[in-house]
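The data block below is upload.txt; it holds compact mmCIF, N, CA and C atoms.
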```
# COMPACT_ATOMS: atom_id res chain seq x y z
N MET A 1 -22.99 -5.40 -33.02
CA MET A 1 -23.16 -5.03 -31.63
C MET A 1 -22.00 -5.61 -30.82
N ASN A 2 -21.39 -4.77 -29.97
CA ASN A 2 -20.30 -5.22 -29.13
C ASN A 2 -20.81 -6.10 -28.00
N LYS A 3 -20.06 -7.15 -27.73
CA LYS A 3 -20.42 -8.05 -26.64
C LYS A 3 -19.65 -7.66 -25.38
N SER A 4 -20.35 -7.50 -24.29
CA SER A 4 -19.73 -7.14 -23.02
C SER A 4 -19.28 -8.39 -22.29
N HIS A 5 -18.36 -8.19 -21.37
CA HIS A 5 -17.87 -9.31 -20.56
C HIS A 5 -18.87 -9.71 -19.49
N GLY A 6 -19.85 -8.87 -19.22
CA GLY A 6 -20.89 -9.19 -18.25
C GLY A 6 -20.45 -9.13 -16.80
N LEU A 7 -19.30 -8.53 -16.54
CA LEU A 7 -18.78 -8.50 -15.17
C LEU A 7 -18.63 -7.08 -14.62
N SER A 8 -19.36 -6.14 -15.17
CA SER A 8 -19.17 -4.73 -14.78
C SER A 8 -19.52 -4.44 -13.32
N SER A 9 -20.23 -5.33 -12.67
CA SER A 9 -20.53 -5.11 -11.24
C SER A 9 -19.70 -6.03 -10.34
N SER A 10 -18.77 -6.76 -10.93
CA SER A 10 -17.93 -7.67 -10.13
C SER A 10 -16.89 -6.88 -9.34
N PRO A 11 -16.42 -7.42 -8.21
CA PRO A 11 -15.39 -6.73 -7.43
C PRO A 11 -14.11 -6.49 -8.24
N GLU A 12 -13.79 -7.42 -9.13
CA GLU A 12 -12.59 -7.27 -9.95
C GLU A 12 -12.73 -6.11 -10.92
N TYR A 13 -13.93 -5.95 -11.50
CA TYR A 13 -14.14 -4.85 -12.42
C TYR A 13 -14.13 -3.51 -11.67
N VAL A 14 -14.68 -3.49 -10.48
CA VAL A 14 -14.66 -2.26 -9.68
C VAL A 14 -13.20 -1.85 -9.42
N SER A 15 -12.34 -2.82 -9.09
CA SER A 15 -10.91 -2.53 -8.89
C SER A 15 -10.27 -2.04 -10.17
N TYR A 16 -10.60 -2.68 -11.29
CA TYR A 16 -10.06 -2.30 -12.59
C TYR A 16 -10.47 -0.86 -12.94
N ASP A 17 -11.74 -0.56 -12.77
CA ASP A 17 -12.26 0.77 -13.09
C ASP A 17 -11.61 1.83 -12.20
N SER A 18 -11.43 1.52 -10.93
CA SER A 18 -10.77 2.46 -10.02
C SER A 18 -9.33 2.71 -10.44
N MET A 19 -8.63 1.65 -10.84
CA MET A 19 -7.25 1.77 -11.31
C MET A 19 -7.20 2.71 -12.52
N MET A 20 -8.09 2.49 -13.47
CA MET A 20 -8.12 3.32 -14.67
C MET A 20 -8.39 4.79 -14.32
N ASN A 21 -9.33 5.02 -13.42
CA ASN A 21 -9.65 6.39 -13.01
C ASN A 21 -8.48 7.06 -12.30
N ARG A 22 -7.81 6.32 -11.41
CA ARG A 22 -6.66 6.90 -10.70
C ARG A 22 -5.57 7.34 -11.67
N CYS A 23 -5.42 6.61 -12.75
CA CYS A 23 -4.34 6.90 -13.70
C CYS A 23 -4.70 7.90 -14.78
N TYR A 24 -5.98 7.98 -15.17
CA TYR A 24 -6.33 8.76 -16.36
C TYR A 24 -7.41 9.83 -16.17
N ASN A 25 -8.11 9.82 -15.06
CA ASN A 25 -9.18 10.79 -14.85
C ASN A 25 -8.68 11.91 -13.93
N GLN A 26 -8.39 13.07 -14.52
CA GLN A 26 -7.85 14.18 -13.74
C GLN A 26 -8.82 14.70 -12.69
N ASN A 27 -10.09 14.37 -12.82
CA ASN A 27 -11.08 14.79 -11.83
C ASN A 27 -11.17 13.82 -10.66
N GLU A 28 -10.52 12.68 -10.78
CA GLU A 28 -10.49 11.69 -9.69
C GLU A 28 -9.66 12.24 -8.54
N ARG A 29 -10.17 12.10 -7.34
CA ARG A 29 -9.52 12.64 -6.14
C ARG A 29 -8.08 12.15 -5.98
N SER A 30 -7.83 10.89 -6.28
CA SER A 30 -6.50 10.34 -6.06
C SER A 30 -5.60 10.40 -7.30
N TYR A 31 -6.04 11.07 -8.35
CA TYR A 31 -5.24 11.20 -9.56
C TYR A 31 -3.86 11.77 -9.27
N LYS A 32 -3.78 12.73 -8.34
CA LYS A 32 -2.51 13.38 -8.03
C LYS A 32 -1.45 12.40 -7.55
N ASN A 33 -1.88 11.29 -6.95
CA ASN A 33 -0.94 10.29 -6.44
C ASN A 33 -0.62 9.19 -7.46
N TYR A 34 -1.27 9.22 -8.58
CA TYR A 34 -1.10 8.17 -9.59
C TYR A 34 -0.79 8.79 -10.96
N GLY A 35 -1.80 9.13 -11.70
CA GLY A 35 -1.60 9.66 -13.04
C GLY A 35 -0.71 10.89 -13.08
N ALA A 36 -0.88 11.80 -12.15
CA ALA A 36 -0.06 13.01 -12.12
C ALA A 36 1.40 12.69 -11.80
N ARG A 37 1.66 11.55 -11.16
CA ARG A 37 3.03 11.12 -10.87
C ARG A 37 3.62 10.27 -12.00
N GLY A 38 2.83 10.06 -13.05
CA GLY A 38 3.32 9.30 -14.18
C GLY A 38 2.99 7.82 -14.15
N VAL A 39 2.19 7.38 -13.18
CA VAL A 39 1.79 5.98 -13.11
C VAL A 39 0.76 5.71 -14.19
N VAL A 40 1.00 4.67 -14.98
CA VAL A 40 0.10 4.31 -16.07
C VAL A 40 -0.27 2.83 -15.99
N VAL A 41 -1.25 2.46 -16.78
CA VAL A 41 -1.68 1.06 -16.89
C VAL A 41 -1.01 0.48 -18.13
N CYS A 42 -0.49 -0.72 -18.02
CA CYS A 42 0.21 -1.35 -19.14
C CYS A 42 -0.72 -1.47 -20.36
N PRO A 43 -0.16 -1.46 -21.55
CA PRO A 43 -0.98 -1.54 -22.77
C PRO A 43 -1.90 -2.76 -22.81
N ARG A 44 -1.45 -3.89 -22.25
CA ARG A 44 -2.27 -5.11 -22.28
C ARG A 44 -3.57 -4.93 -21.50
N TRP A 45 -3.53 -4.16 -20.41
CA TRP A 45 -4.70 -3.96 -19.57
C TRP A 45 -5.51 -2.73 -19.94
N LYS A 46 -4.86 -1.71 -20.48
CA LYS A 46 -5.54 -0.44 -20.74
C LYS A 46 -6.68 -0.67 -21.72
N GLY A 47 -7.89 -0.46 -21.22
CA GLY A 47 -9.06 -0.64 -22.05
C GLY A 47 -9.45 -2.09 -22.30
N ASN A 48 -8.85 -3.03 -21.56
CA ASN A 48 -9.16 -4.44 -21.78
C ASN A 48 -9.28 -5.18 -20.44
N PHE A 49 -10.46 -5.11 -19.86
CA PHE A 49 -10.70 -5.76 -18.57
C PHE A 49 -10.45 -7.26 -18.63
N SER A 50 -10.79 -7.90 -19.73
CA SER A 50 -10.61 -9.35 -19.85
C SER A 50 -9.15 -9.75 -19.68
N ASN A 51 -8.23 -8.97 -20.26
CA ASN A 51 -6.80 -9.26 -20.08
C ASN A 51 -6.37 -9.05 -18.63
N PHE A 52 -6.88 -7.98 -18.02
CA PHE A 52 -6.60 -7.72 -16.61
C PHE A 52 -7.04 -8.92 -15.76
N LEU A 53 -8.26 -9.37 -15.97
CA LEU A 53 -8.80 -10.47 -15.18
C LEU A 53 -8.03 -11.77 -15.45
N GLN A 54 -7.64 -11.98 -16.68
CA GLN A 54 -6.87 -13.17 -17.02
C GLN A 54 -5.52 -13.17 -16.28
N ASP A 55 -4.87 -12.02 -16.22
CA ASP A 55 -3.56 -11.91 -15.56
C ASP A 55 -3.65 -11.92 -14.04
N MET A 56 -4.64 -11.23 -13.50
CA MET A 56 -4.73 -11.06 -12.04
C MET A 56 -5.57 -12.15 -11.37
N GLY A 57 -6.52 -12.70 -12.08
CA GLY A 57 -7.42 -13.68 -11.48
C GLY A 57 -8.43 -12.99 -10.58
N ASN A 58 -9.28 -13.78 -9.95
CA ASN A 58 -10.29 -13.23 -9.04
C ASN A 58 -9.66 -12.81 -7.73
N LYS A 59 -10.30 -11.84 -7.09
CA LYS A 59 -9.86 -11.43 -5.76
C LYS A 59 -9.98 -12.63 -4.82
N PRO A 60 -8.95 -12.89 -4.01
CA PRO A 60 -9.03 -14.03 -3.09
C PRO A 60 -10.13 -13.89 -2.05
N SER A 61 -10.44 -12.65 -1.64
CA SER A 61 -11.50 -12.41 -0.66
C SER A 61 -11.94 -10.96 -0.75
N GLU A 62 -13.00 -10.64 -0.03
CA GLU A 62 -13.48 -9.26 0.00
C GLU A 62 -12.48 -8.32 0.65
N SER A 63 -11.59 -8.86 1.49
CA SER A 63 -10.63 -8.01 2.19
C SER A 63 -9.39 -7.70 1.34
N HIS A 64 -9.32 -8.22 0.13
CA HIS A 64 -8.19 -7.94 -0.76
C HIS A 64 -8.54 -6.83 -1.73
N SER A 65 -7.53 -6.07 -2.11
CA SER A 65 -7.68 -5.05 -3.14
C SER A 65 -6.40 -4.99 -3.97
N LEU A 66 -6.47 -4.28 -5.07
CA LEU A 66 -5.35 -4.20 -6.00
C LEU A 66 -4.22 -3.37 -5.40
N ASP A 67 -3.00 -3.90 -5.49
CA ASP A 67 -1.84 -3.25 -4.91
C ASP A 67 -0.68 -3.32 -5.88
N ARG A 68 0.07 -2.21 -5.99
CA ARG A 68 1.31 -2.22 -6.77
C ARG A 68 2.46 -2.55 -5.83
N ILE A 69 3.26 -3.51 -6.17
CA ILE A 69 4.37 -3.94 -5.34
C ILE A 69 5.41 -2.83 -5.22
N ASP A 70 5.76 -2.22 -6.33
CA ASP A 70 6.65 -1.06 -6.35
C ASP A 70 5.77 0.16 -6.56
N ASN A 71 5.69 1.01 -5.55
CA ASN A 71 4.80 2.18 -5.61
C ASN A 71 5.19 3.17 -6.69
N ASN A 72 6.40 3.10 -7.18
CA ASN A 72 6.81 3.99 -8.26
C ASN A 72 6.62 3.34 -9.63
N GLY A 73 6.21 2.09 -9.63
CA GLY A 73 6.01 1.36 -10.88
C GLY A 73 4.59 1.50 -11.40
N ASN A 74 4.39 0.96 -12.57
CA ASN A 74 3.09 1.04 -13.23
C ASN A 74 2.19 -0.13 -12.85
N TYR A 75 0.96 -0.03 -13.29
CA TYR A 75 0.03 -1.14 -13.14
C TYR A 75 0.30 -2.12 -14.27
N GLU A 76 0.87 -3.27 -13.94
CA GLU A 76 1.17 -4.34 -14.88
C GLU A 76 1.27 -5.64 -14.10
N SER A 77 1.12 -6.75 -14.77
CA SER A 77 1.03 -8.04 -14.06
C SER A 77 2.24 -8.33 -13.18
N SER A 78 3.42 -7.91 -13.60
CA SER A 78 4.62 -8.19 -12.80
C SER A 78 4.74 -7.28 -11.58
N ASN A 79 3.92 -6.25 -11.50
CA ASN A 79 4.01 -5.30 -10.39
C ASN A 79 2.72 -5.19 -9.58
N CYS A 80 1.76 -6.08 -9.83
CA CYS A 80 0.49 -6.00 -9.13
C CYS A 80 0.15 -7.31 -8.44
N ARG A 81 -0.63 -7.18 -7.39
CA ARG A 81 -1.09 -8.34 -6.63
C ARG A 81 -2.39 -7.96 -5.94
N TRP A 82 -3.11 -8.97 -5.49
CA TRP A 82 -4.26 -8.75 -4.60
C TRP A 82 -3.68 -8.79 -3.19
N ALA A 83 -3.90 -7.74 -2.41
CA ALA A 83 -3.29 -7.66 -1.09
C ALA A 83 -4.34 -7.23 -0.05
N THR A 84 -4.09 -7.62 1.18
CA THR A 84 -4.95 -7.19 2.29
C THR A 84 -4.61 -5.76 2.67
N SER A 85 -5.44 -5.13 3.45
CA SER A 85 -5.17 -3.75 3.87
C SER A 85 -3.90 -3.68 4.70
N LYS A 86 -3.62 -4.71 5.49
CA LYS A 86 -2.38 -4.72 6.29
C LYS A 86 -1.16 -4.79 5.37
N GLU A 87 -1.22 -5.63 4.34
CA GLU A 87 -0.11 -5.72 3.39
C GLU A 87 0.07 -4.39 2.65
N GLN A 88 -1.04 -3.77 2.28
CA GLN A 88 -0.95 -2.49 1.57
C GLN A 88 -0.41 -1.39 2.48
N ALA A 89 -0.79 -1.41 3.73
CA ALA A 89 -0.30 -0.39 4.66
C ALA A 89 1.22 -0.47 4.80
N ARG A 90 1.77 -1.64 4.64
CA ARG A 90 3.21 -1.82 4.75
C ARG A 90 3.92 -1.54 3.43
N ASN A 91 3.18 -1.12 2.44
CA ASN A 91 3.74 -0.88 1.11
C ASN A 91 3.53 0.57 0.67
N ARG A 92 3.42 1.47 1.63
CA ARG A 92 3.20 2.89 1.31
C ARG A 92 4.52 3.63 1.18
N ARG A 93 4.49 4.69 0.39
CA ARG A 93 5.68 5.52 0.22
C ARG A 93 6.08 6.19 1.53
N SER A 94 5.12 6.42 2.41
CA SER A 94 5.39 7.15 3.65
C SER A 94 5.97 6.27 4.76
N ASN A 95 6.09 4.98 4.52
CA ASN A 95 6.64 4.09 5.55
C ASN A 95 8.09 4.42 5.86
N VAL A 96 8.49 4.12 7.08
CA VAL A 96 9.84 4.39 7.54
C VAL A 96 10.58 3.07 7.68
N LEU A 97 11.68 2.95 6.95
CA LEU A 97 12.52 1.76 7.00
C LEU A 97 13.66 2.03 7.98
N ILE A 98 13.85 1.13 8.93
CA ILE A 98 14.86 1.30 9.97
C ILE A 98 15.80 0.11 9.96
N GLU A 99 17.10 0.39 10.00
CA GLU A 99 18.08 -0.68 10.09
C GLU A 99 18.54 -0.80 11.54
N HIS A 100 18.53 -2.03 12.04
CA HIS A 100 18.94 -2.30 13.43
C HIS A 100 19.69 -3.62 13.43
N ASN A 101 20.90 -3.61 13.92
CA ASN A 101 21.75 -4.80 13.96
C ASN A 101 21.87 -5.47 12.60
N GLY A 102 22.00 -4.66 11.55
CA GLY A 102 22.20 -5.17 10.20
C GLY A 102 20.94 -5.66 9.51
N GLU A 103 19.78 -5.49 10.12
CA GLU A 103 18.52 -5.94 9.53
C GLU A 103 17.61 -4.74 9.28
N SER A 104 17.03 -4.67 8.10
CA SER A 104 16.11 -3.58 7.76
C SER A 104 14.67 -4.07 7.86
N ARG A 105 13.87 -3.29 8.58
CA ARG A 105 12.43 -3.56 8.70
C ARG A 105 11.70 -2.23 8.74
N LEU A 106 10.41 -2.30 8.47
CA LEU A 106 9.57 -1.11 8.63
C LEU A 106 9.40 -0.83 10.11
N LEU A 107 9.17 0.42 10.44
CA LEU A 107 8.94 0.80 11.83
C LEU A 107 7.84 -0.04 12.45
N CYS A 108 6.75 -0.26 11.72
CA CYS A 108 5.64 -1.05 12.27
C CYS A 108 6.06 -2.49 12.54
N GLN A 109 6.97 -3.03 11.72
CA GLN A 109 7.44 -4.40 11.94
C GLN A 109 8.33 -4.49 13.17
N TRP A 110 9.18 -3.46 13.38
CA TRP A 110 10.00 -3.44 14.60
C TRP A 110 9.10 -3.33 15.83
N ALA A 111 8.06 -2.50 15.73
CA ALA A 111 7.14 -2.35 16.86
C ALA A 111 6.50 -3.68 17.20
N GLU A 112 6.06 -4.41 16.19
CA GLU A 112 5.48 -5.75 16.43
C GLU A 112 6.52 -6.68 17.04
N HIS A 113 7.72 -6.66 16.49
CA HIS A 113 8.79 -7.55 16.93
C HIS A 113 9.11 -7.35 18.41
N PHE A 114 9.21 -6.08 18.82
CA PHE A 114 9.56 -5.79 20.21
C PHE A 114 8.34 -5.57 21.11
N ARG A 115 7.15 -5.76 20.54
CA ARG A 115 5.89 -5.62 21.28
C ARG A 115 5.80 -4.27 21.98
N ILE A 116 5.98 -3.26 21.18
CA ILE A 116 5.86 -1.89 21.67
C ILE A 116 4.87 -1.17 20.77
N ASP A 117 4.12 -0.26 21.34
CA ASP A 117 3.15 0.49 20.57
C ASP A 117 3.85 1.25 19.44
N GLN A 118 3.33 1.11 18.24
CA GLN A 118 3.94 1.72 17.06
C GLN A 118 4.03 3.24 17.18
N LYS A 119 2.99 3.87 17.65
CA LYS A 119 3.00 5.33 17.79
C LYS A 119 4.03 5.78 18.82
N LEU A 120 4.14 5.03 19.90
CA LEU A 120 5.13 5.35 20.93
C LEU A 120 6.54 5.25 20.35
N LEU A 121 6.81 4.16 19.62
CA LEU A 121 8.13 3.98 19.01
C LEU A 121 8.41 5.09 18.01
N ARG A 122 7.44 5.39 17.17
CA ARG A 122 7.62 6.46 16.17
C ARG A 122 7.93 7.79 16.85
N ASN A 123 7.15 8.13 17.87
CA ASN A 123 7.36 9.41 18.56
C ASN A 123 8.74 9.49 19.20
N ARG A 124 9.16 8.41 19.83
CA ARG A 124 10.48 8.41 20.46
C ARG A 124 11.58 8.59 19.42
N LEU A 125 11.48 7.87 18.32
CA LEU A 125 12.52 7.98 17.29
C LEU A 125 12.54 9.36 16.66
N PHE A 126 11.37 9.95 16.42
CA PHE A 126 11.34 11.28 15.83
C PHE A 126 11.75 12.36 16.81
N ARG A 127 11.76 12.04 18.10
CA ARG A 127 12.28 12.98 19.10
C ARG A 127 13.77 12.81 19.29
N GLY A 128 14.37 11.86 18.53
CA GLY A 128 15.82 11.71 18.56
C GLY A 128 16.36 10.62 19.48
N TRP A 129 15.48 9.80 20.01
CA TRP A 129 15.94 8.72 20.87
C TRP A 129 16.75 7.72 20.06
N GLU A 130 17.76 7.13 20.68
CA GLU A 130 18.49 6.02 20.07
C GLU A 130 17.54 4.83 20.02
N PHE A 131 17.67 4.01 18.98
CA PHE A 131 16.75 2.90 18.76
C PHE A 131 16.70 1.96 19.96
N ASP A 132 17.87 1.58 20.49
CA ASP A 132 17.90 0.64 21.62
C ASP A 132 17.15 1.18 22.84
N LYS A 133 17.24 2.48 23.07
CA LYS A 133 16.52 3.09 24.19
C LYS A 133 15.02 3.17 23.87
N ALA A 134 14.70 3.48 22.63
CA ALA A 134 13.30 3.67 22.23
C ALA A 134 12.48 2.39 22.37
N ILE A 135 13.09 1.23 22.21
CA ILE A 135 12.34 -0.02 22.29
C ILE A 135 12.24 -0.55 23.72
N GLN A 136 12.89 0.12 24.65
CA GLN A 136 12.81 -0.28 26.05
C GLN A 136 11.76 0.56 26.77
N ASN A 137 11.54 0.24 28.02
CA ASN A 137 10.60 1.01 28.85
C ASN A 137 9.26 1.18 28.14
N LYS A 138 8.68 0.05 27.75
CA LYS A 138 7.45 0.07 26.94
C LYS A 138 6.29 0.78 27.63
N ASN A 139 6.29 0.79 28.94
CA ASN A 139 5.19 1.41 29.68
C ASN A 139 5.55 2.80 30.19
N PHE A 140 6.70 3.31 29.78
CA PHE A 140 7.16 4.61 30.21
C PHE A 140 6.19 5.70 29.75
N LYS A 141 5.79 6.54 30.68
CA LYS A 141 4.90 7.63 30.34
C LYS A 141 5.51 8.93 30.88
N ILE A 142 5.40 9.96 30.12
CA ILE A 142 5.95 11.25 30.52
C ILE A 142 4.99 11.88 31.52
N LYS A 143 5.54 12.26 32.66
CA LYS A 143 4.73 12.94 33.68
C LYS A 143 5.02 14.42 33.61
N HIS A 144 3.98 15.19 33.76
CA HIS A 144 4.15 16.63 33.77
C HIS A 144 4.66 17.07 35.13
N VAL A 145 5.74 17.82 35.11
CA VAL A 145 6.32 18.31 36.36
C VAL A 145 5.92 19.77 36.52
N ILE A 146 5.43 20.08 37.72
CA ILE A 146 4.99 21.47 37.98
C ILE A 146 6.07 22.20 38.73
```
Starting from the file, give its structure as structure tokens.
Amino acid sequence: MNKSHGLSSSPEYVSYDSMMNRCYNQNERSYKNYGARGVVVCPRWKGNFSNFLQDMGNKPSESHSLDRIDNNGNYESSNCRWATSKEQARNRRSNVLIEHNGESRLLCQWAEHFRIDQKLLRNRLFRGWEFDKAIQNKNFKIKHVI
């Protein structure tokens, strides 16, 4: 009789199972963003939750979830971490990296730095505003002229 690890309802196992489904279950909703893109689970973890748990450890808190550091990389110990939703949001493929005065930051980081609403900054930049102008006039609102 096979002995189970006894952790199938643990938060770590739920993360592990979700990772496996994203990579190998074509019926999984998010498969298109993982398995269909060629993202796989390393041989050490594939089918071996105990190795996954040994490498990753327990989730630091309920607000952490499994994150790949390089979104184009695979699930493996050197490319995975437990991250908060804010950390994960800053690690998406859709993020916009902007260089200003020789420094590269995400658009959301520049918005925080200059204390300007992120959506406002994004809209201004996508409308073609120069960066220096876009970060000024934080309370500027477009008035409709009749």
Checklist entry - Using all atoms listed in the file, which of A:Lys133, A:Val96, A:Ser8, A:Lys46 sits nearest Cys108 (chain A)? => result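 For Cys108 (chain A), the nearest of the candidates is A:Val96.
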Checklist entry - Smallest atom-to-atom distance to Asp17 (chain A): which of A:Trp82, A:Tyr31, A:Trp110, A:Phe49, using all atoms listed in the file? => result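 Residue with the minimum atom-to-atom distance to Asp17 (chain A): A:Phe49.
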Item to check | Selection near region 55-58 of chain A, 12 Å with only C-alpha atoms, sequence-local residues under 5 positions removed, as a ChimeraX atom specification | outcome: /A:7,10-16,42,44-45,48-50,64-68,75-83
Tell me, as a compact mmCIF listing (two decimals) with N, CA and C atoms, in the frame of the given file, which residues lie within 7 Å of Ala36 (chain A), counting all atoms listed in the file; anything in the same chain fewer than 6 positions away does not count.
```
# COMPACT_ATOMS: atom_id res chain seq x y z
N ARG A 22 -7.81 6.32 -11.41
CA ARG A 22 -6.66 6.90 -10.70
C ARG A 22 -5.57 7.34 -11.67
N CYS A 23 -5.42 6.61 -12.75
CA CYS A 23 -4.34 6.90 -13.70
C CYS A 23 -4.70 7.90 -14.78
N SER A 30 -7.83 10.89 -6.28
CA SER A 30 -6.50 10.34 -6.06
C SER A 30 -5.60 10.40 -7.30
```
Next on the checklist: I need the residues in region 9-95 of chain A that are alpha helix (DSSP H) according to DSSP; give them as a list in words.
Outcome noted: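 In region 9-95 of chain A, DSSP puts these residues in alpha helix (DSSP H): Pro11, Glu12, Tyr13, Val14, Ser15, Tyr16, Asp17, Ser18, Met19, Met20, Asn21, Arg22, Cys23, Tyr24, Phe49, Ser50, Asn51, Phe52, Leu53, Gln54, Asp55, Met56, Ser85, Lys86, Glu87, Gln88 and Ala89 of chain A.
For the pair CA of Arg115 (chain A) and CA of Ile69 (chain A), the interatomic distance is 26.7 Å.
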Item to check | Interatomic distance (Å, one decimal) between CA of Gln26 (chain A) and CA of Asp70 (chain A) | outcome: 22.3 Å
Next on the checklist: Give me the residues near Phe131 (chain A) as a PyMOL selection string, where near means some atom within 10 Å (using only C-alpha atoms) and where sequence neighbours in that chain fewer than 4 positions away do not count.
Outcome noted: chain A and resi 98-100+121+124-125+135-136
Write out the residues from the selection above, keeping N, CA and C atoms, as an mmCIF file, in the coordinates of the input.
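Ended up saving to selection_16.cif:
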```cif
data_model
loop_
_atom_site.group_PDB
_atom_site.id
_atom_site.type_symbol
_atom_site.label_atom_id
_atom_site.label_comp_id
_atom_site.auth_asym_id
_atom_site.auth_seq_id
_atom_site.Cartn_x
_atom_site.Cartn_y
_atom_site.Cartn_z
ATOM 1 N N ILE A 98 13.850 1.130 8.930
ATOM 2 C CA ILE A 98 14.860 1.300 9.970
ATOM 3 C C ILE A 98 15.800 0.110 9.960
ATOM 4 N N GLU A 99 17.100 0.390 10.000
ATOM 5 C CA GLU A 99 18.080 -0.680 10.090
ATOM 6 C C GLU A 99 18.540 -0.800 11.540
ATOM 7 N N HIS A 100 18.530 -2.030 12.040
ATOM 8 C CA HIS A 100 18.940 -2.300 13.430
ATOM 9 C C HIS A 100 19.690 -3.620 13.430
ATOM 10 N N LEU A 121 6.810 4.160 19.620
ATOM 11 C CA LEU A 121 8.130 3.980 19.010
ATOM 12 C C LEU A 121 8.410 5.090 18.010
ATOM 13 N N ARG A 124 9.160 8.410 19.830
ATOM 14 C CA ARG A 124 10.480 8.410 20.460
ATOM 15 C C ARG A 124 11.580 8.590 19.420
ATOM 16 N N LEU A 125 11.480 7.870 18.320
ATOM 17 C CA LEU A 125 12.520 7.980 17.290
ATOM 18 C C LEU A 125 12.540 9.360 16.660
ATOM 19 N N ILE A 135 13.090 1.230 22.210
ATOM 20 C CA ILE A 135 12.340 -0.020 22.290
ATOM 21 C C ILE A 135 12.240 -0.550 23.720
ATOM 22 N N GLN A 136 12.890 0.120 24.650
ATOM 23 C CA GLN A 136 12.810 -0.280 26.050
ATOM 24 C C GLN A 136 11.760 0.560 26.770
#
```
Pull region 122-135 of chain A out of the block and emit N, CA and C atoms, as a PDB file, in the first residue's frame.
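Everything below was put into part.pdb:
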```
ATOM      1  N   ARG A 122      -0.457  55.992 -17.052  1.00  0.00           N
ATOM      2  CA  ARG A 122      -0.536  55.070 -18.195  1.00  0.00           C
ATOM      3  C   ARG A 122      -1.280  55.717 -19.368  1.00  0.00           C
ATOM      4  N   ASN A 123      -2.426  56.320 -19.081  1.00  0.00           N
ATOM      5  CA  ASN A 123      -3.216  56.947 -20.150  1.00  0.00           C
ATOM      6  C   ASN A 123      -2.450  58.066 -20.835  1.00  0.00           C
ATOM      7  N   ARG A 124      -1.778  58.885 -20.059  1.00  0.00           N
ATOM      8  CA  ARG A 124      -1.010  59.980 -20.646  1.00  0.00           C
ATOM      9  C   ARG A 124       0.106  59.452 -21.542  1.00  0.00           C
ATOM     10  N   LEU A 125       0.824  58.454 -21.070  1.00  0.00           N
ATOM     11  CA  LEU A 125       1.926  57.912 -21.862  1.00  0.00           C
ATOM     12  C   LEU A 125       1.423  57.243 -23.133  1.00  0.00           C
ATOM     13  N   PHE A 126       0.309  56.521 -23.046  1.00  0.00           N
ATOM     14  CA  PHE A 126      -0.222  55.867 -24.231  1.00  0.00           C
ATOM     15  C   PHE A 126      -0.863  56.850 -25.203  1.00  0.00           C
ATOM     16  N   ARG A 127      -1.154  58.064 -24.733  1.00  0.00           N
ATOM     17  CA  ARG A 127      -1.642  59.115 -25.632  1.00  0.00           C
ATOM     18  C   ARG A 127      -0.490  59.889 -26.248  1.00  0.00           C
ATOM     19  N   GLY A 128       0.759  59.497 -25.880  1.00  0.00           N
ATOM     20  CA  GLY A 128       1.925  60.099 -26.510  1.00  0.00           C
ATOM     21  C   GLY A 128       2.587  61.231 -25.739  1.00  0.00           C
ATOM     22  N   TRP A 129       2.169  61.435 -24.508  1.00  0.00           N
ATOM     23  CA  TRP A 129       2.789  62.482 -23.711  1.00  0.00           C
ATOM     24  C   TRP A 129       4.247  62.131 -23.427  1.00  0.00           C
ATOM     25  N   GLU A 130       5.102  63.141 -23.370  1.00  0.00           N
ATOM     26  CA  GLU A 130       6.475  62.952 -22.917  1.00  0.00           C
ATOM     27  C   GLU A 130       6.427  62.612 -21.432  1.00  0.00           C
ATOM     28  N   PHE A 131       7.350  61.768 -20.980  1.00  0.00           N
ATOM     29  CA  PHE A 131       7.338  61.294 -19.600  1.00  0.00           C
ATOM     30  C   PHE A 131       7.369  62.442 -18.602  1.00  0.00           C
ATOM     31  N   ASP A 132       8.269  63.417 -18.813  1.00  0.00           N
ATOM     32  CA  ASP A 132       8.388  64.532 -17.859  1.00  0.00           C
ATOM     33  C   ASP A 132       7.084  65.314 -17.734  1.00  0.00           C
ATOM     34  N   LYS A 133       6.363  65.469 -18.828  1.00  0.00           N
ATOM     35  CA  LYS A 133       5.074  66.161 -18.777  1.00  0.00           C
ATOM     36  C   LYS A 133       4.016  65.282 -18.114  1.00  0.00           C
ATOM     37  N   ALA A 134       4.060  63.995 -18.396  1.00  0.00           N
ATOM     38  CA  ALA A 134       3.047  63.066 -17.888  1.00  0.00           C
ATOM     39  C   ALA A 134       3.065  62.962 -16.366  1.00  0.00           C
ATOM     40  N   ILE A 135       4.219  63.134 -15.744  1.00  0.00           N
ATOM     41  CA  ILE A 135       4.306  63.013 -14.289  1.00  0.00           C
ATOM     42  C   ILE A 135       3.986  64.317 -13.568  1.00  0.00           C
TER      43      ILE A 135
END
```
